[in-house]
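Written out below as structure tokens is the structure these notes cover.
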Amino acid sequence: MKHLILLLATLLPAAAQAEERSDTTFTVDNRKITVSTDGGKTDLQVYDMDGNKHRKTREVEYVDGQEIERVYVTSPFIPDIVTKNKQRPKSHYPLFYIGFSQLPGSIMGGGGNAGMHTRGSKSWEWGVTLLQMSFGLTRSLAVTSAVSMGKVHNHFQGDYVLTTDDGVTSMKRIEGGGVRKSYISYAVARLPVMLEWQRRTRRGDLYVAGGASIEMRWNDHSRYRTDAGKHTVTDDINLNPLGLNLELRAGYGFLMVYGRAALTPLLKTSFAPECYPVGFGIGFRF
């Protein structure tokens, strides 16, 4: 009797563990499918007849009747073999972008800014994407985000420069002329959140995305060049440190086009001219 009691005591933990986790295996179309449950979570694995495990194209778990999808985080600096998955929705941001930067006097305005003597044809921006994320909604729709950093240069016409005197920023003409180039520059970091539609093709991905972005600005300068060299007018142009933009992207394969329009002014309008950055250009994915 004592031996029987000891045997039952030994088997009870194993029985409890078996209740916590159970596996079921069945065969469909020459594939072995294993369904396992553990602590209320259900998982599914697929193998071929040689025992080789099939790779998941979409990470989904079922817990207490609710489907849980995972957010994918990728980076251009991680080898593509690690993150490549042809079925799940993914984000499409440029590793490198370059384009024009304009400074209209109103939100989504055009035609330059006569009050600031802007020179849009010579104004430009460039940047890189450091990190990107995606959350799949359907097979062709995803909410995406990214972290990018870049540099912006806005040029002015003739002998005009942007200067700050007694805390007030305004345009000023350099006496005597001789100005070869006049511009402001600043660094920027952006965090977009966009809704993206995408479709897989044999030659690459087709995608269109729209949304908004928050940007941080710093390291602002106003400079000009003459035959004597480069001159710094001011390191404080009353730059707004935060901005909000509307963004659009569309592309196919490694090439895309983008557009961006600021909803908030570049400079603090209480102490500086009113202008709203607009950017557009091309980006490259690798």
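Order determines the names: the first chain of the structure tokens is A, the second B, and so forth; residues in each chain are numbered 1 upward, and ligands are numbered 1 upward as they are shown.
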Next on the checklist: Going by DSSP on the backbone, which residues of region 87-207 of chain A come out as strand (DSSP E or B)? List them as a ChimeraX atom specification.
Outcome noted: /A:96-102,118,124-136,141-156,160-165,168-173,181-200,205-207
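The residue set within 6 Å of region 42-52 of chain A, counting only C-alpha atoms and dropping same-chain residues fewer than 3 places from it, reads Arg31, Lys32, Ile33, Thr34, Val35, Ser36, Thr37 and Tyr62 of chain A.
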Item to check | Option closest in space to Asn113 (chain A), from A:Leu130, A:Met171, A:Leu141, A:Met216 [counting only C-alpha atoms] | outcome: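 Comparing A:Leu130, A:Met171, A:Leu141, A:Met216 against Asn113 (chain A), the winner is A:Met171.
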Checklist outcome for this item: Counting only C-alpha atoms, closest pick from A:Gly110, A:Pro192, A:Gly150, A:Pro277 relative to Arg249 (chain A) is A:Pro192
Item to check | Using only C-alpha atoms: which of A:Ile214, A:Val188, A:Ile174, A:Ala209 has the shortest distance to Lys151 (chain A) | outcome: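 Going through A:Ile214, A:Val188, A:Ile174, A:Ala209 one by one, the smallest distance to Lys151 (chain A) is for A:Val188.
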Next on the checklist: Using DSSP assignments from the backbone, pull out every residue in region 44-265 of chain A that falls under alpha helix (DSSP H) and give it to me as a PyMOL selection string.
Outcome noted: chain A and resi 80-83
